[in-house]
Each structure stands twice: as structure tokens, then as C-alpha cells.
Amino acid sequence: MPIGPVTMFAIYVVCWWVVLFTVLPLGTSREVHEPPTDGRQWGAPEAPNLKRKFITTSWVSALVWLVVMALVYIGWMPLPDLAPPV
């Protein structure tokens with residue numbers, strides 16, 4: 001069963017979001033903070049490094065996507081046929 005480019009992109013987006021929420025807590029530490037006086041949140045990290053985390057998320061999710069696509073193409077993880085029978 002061939003997979004269209006829209007389905008492949010949708011699978012990549014799902015992989016990207018799952019990997020993002022896995023990567024976000026990396027690199028944060030439990031530091032002792034002074035009470036913030038400028039309206040910041042207590043638990044917010046000083047340097048979240050979001051650009052680095054988004055880049056890491058993109059290449060890790062590309063690897064995960066390749067594995068998922070390989071499993072779909074060899075038949076170990078078949079996608080359901082959503083079209084009604086004719």
C-alpha cells in the first residue's frame with residue numbers, strides 16, 4: 001500500500017511533537033532561586049536554550065520518522081485503510 005506525502009508529513013509532525021516533549025526537560029536543573037520580583041515564574045529556567053532544543057528535536061524526529069516509515073513499508077506496523085470499500 002503506497003503512502004502519500006501528506007500522510008508521511010502528518011506522521012513526521014506527530015513524531016516531532018512527541019520528541020519535543022521528550023527533549024524539553026533536558027538540560028534543566030533544580031537550582032535554588034531567589035524569589036522573582038520581575039513577574040517571572042518560579043520554575044522557569046534561566047536559559048531554556050529553545051533554539052538548540054528545536055534543532056535537536058528536528059533531527060531526532062527525522063530519525064524516528066525514518067524508523068517508523070521503514071516499519072510501515074516492511075509491514076510490521078501497517079496503517080489502517082481509512083477509505084470505505086467500493
# chains A, B, ... in the order shown; residues from 1 in each chain; ligands from 1
>>> select_by_dssp(residues="stretch 35-73 of chain A", states="helix (DSSP H, G or I)", output="PyMOL selection string")
chain A and resi 50-73
>>> residues_around(residues="A:Leu20", least_positions_apart="3", cutoff="8 Å", atoms="only C-alpha atoms", output="ChimeraX atom specification")
/A:16-17,23-24,53-54,57
>>> residues_around(residues="A:Val64", least_positions_apart="5", cutoff="10 Å", atoms="only C-alpha atoms", output="PyMOL selection string")
chain A and resi 12+15-16+19+58-59+69-70
>>> atom_distance(atom1="atom CA of A:Met8", atom2="atom CA of A:Leu66")
10.1 Å
>>> decode(residues="stretch 49-70 of chain A", atoms="N, CA and C atoms", output="mmCIF file, in the first residue's frame")
data_model
loop_
_atom_site.group_PDB
_atom_site.id
_atom_site.type_symbol
_atom_site.label_atom_id
_atom_site.label_comp_id
_atom_site.auth_asym_id
_atom_site.auth_seq_id
_atom_site.Cartn_x
_atom_site.Cartn_y
_atom_site.Cartn_z
ATOM 1 N N ASN A 49 17.369 27.559 26.213
ATOM 2 C CA ASN A 49 18.014 27.022 25.012
ATOM 3 C C ASN A 49 17.007 26.434 24.024
ATOM 4 N N LEU A 50 15.957 27.164 23.733
ATOM 5 C CA LEU A 50 14.893 26.641 22.875
ATOM 6 C C LEU A 50 15.340 26.407 21.436
ATOM 7 N N LYS A 51 16.205 27.270 20.905
ATOM 8 C CA LYS A 51 16.661 27.078 19.530
ATOM 9 C C LYS A 51 17.412 25.752 19.404
ATOM 10 N N ARG A 52 18.310 25.482 20.352
ATOM 11 C CA ARG A 52 19.062 24.225 20.339
ATOM 12 C C ARG A 52 18.135 23.028 20.512
ATOM 13 N N LYS A 53 17.125 23.172 21.358
ATOM 14 C CA LYS A 53 16.182 22.074 21.581
ATOM 15 C C LYS A 53 15.314 21.821 20.351
ATOM 16 N N PHE A 54 14.926 22.868 19.636
ATOM 17 C CA PHE A 54 14.139 22.674 18.410
ATOM 18 C C PHE A 54 14.970 22.008 17.321
ATOM 19 N N ILE A 55 16.243 22.389 17.208
ATOM 20 C CA ILE A 55 17.119 21.746 16.221
ATOM 21 C C ILE A 55 17.325 20.275 16.579
ATOM 22 N N THR A 56 17.571 20.005 17.858
ATOM 23 C CA THR A 56 17.727 18.617 18.309
ATOM 24 C C THR A 56 16.454 17.832 18.058
ATOM 25 N N THR A 57 15.315 18.439 18.351
ATOM 26 C CA THR A 57 14.032 17.783 18.116
ATOM 27 C C THR A 57 13.849 17.439 16.642
ATOM 28 N N SER A 58 14.253 18.336 15.752
ATOM 29 C CA SER A 58 14.058 18.109 14.322
ATOM 30 C C SER A 58 14.872 16.930 13.815
ATOM 31 N N TRP A 59 16.153 16.837 14.198
ATOM 32 C CA TRP A 59 16.949 15.727 13.658
ATOM 33 C C TRP A 59 16.635 14.412 14.343
ATOM 34 N N VAL A 60 16.306 14.433 15.636
ATOM 35 C CA VAL A 60 15.932 13.183 16.311
ATOM 36 C C VAL A 60 14.596 12.679 15.768
ATOM 37 N N SER A 61 13.655 13.584 15.535
ATOM 38 C CA SER A 61 12.363 13.153 14.993
ATOM 39 C C SER A 61 12.502 12.663 13.554
ATOM 40 N N ALA A 62 13.465 13.186 12.805
ATOM 41 C CA ALA A 62 13.713 12.659 11.464
ATOM 42 C C ALA A 62 14.190 11.209 11.537
ATOM 43 N N LEU A 63 15.044 10.913 12.503
ATOM 44 C CA LEU A 63 15.488 9.519 12.687
ATOM 45 C C LEU A 63 14.333 8.610 13.105
ATOM 46 N N VAL A 64 13.512 9.098 14.038
ATOM 47 C CA VAL A 64 12.353 8.321 14.474
ATOM 48 C C VAL A 64 11.395 8.115 13.304
ATOM 49 N N TRP A 65 11.194 9.155 12.500
ATOM 50 C CA TRP A 65 10.317 9.058 11.332
ATOM 51 C C TRP A 65 10.832 8.022 10.343
ATOM 52 N N LEU A 66 12.145 8.000 10.113
ATOM 53 C CA LEU A 66 12.714 7.003 9.201
ATOM 54 C C LEU A 66 12.467 5.580 9.698
ATOM 55 N N VAL A 67 12.611 5.374 10.999
ATOM 56 C CA VAL A 67 12.348 4.046 11.568
ATOM 57 C C VAL A 67 10.873 3.687 11.404
ATOM 58 N N VAL A 68 9.986 4.631 11.692
ATOM 59 C CA VAL A 68 8.551 4.374 11.549
ATOM 60 C C VAL A 68 8.201 4.077 10.096
ATOM 61 N N MET A 69 8.738 4.843 9.159
ATOM 62 C CA MET A 69 8.470 4.600 7.738
ATOM 63 C C MET A 69 8.999 3.233 7.304
ATOM 64 N N ALA A 70 10.162 2.847 7.797
ATOM 65 C CA ALA A 70 10.704 1.521 7.461
ATOM 66 C C ALA A 70 9.781 0.426 7.991
#
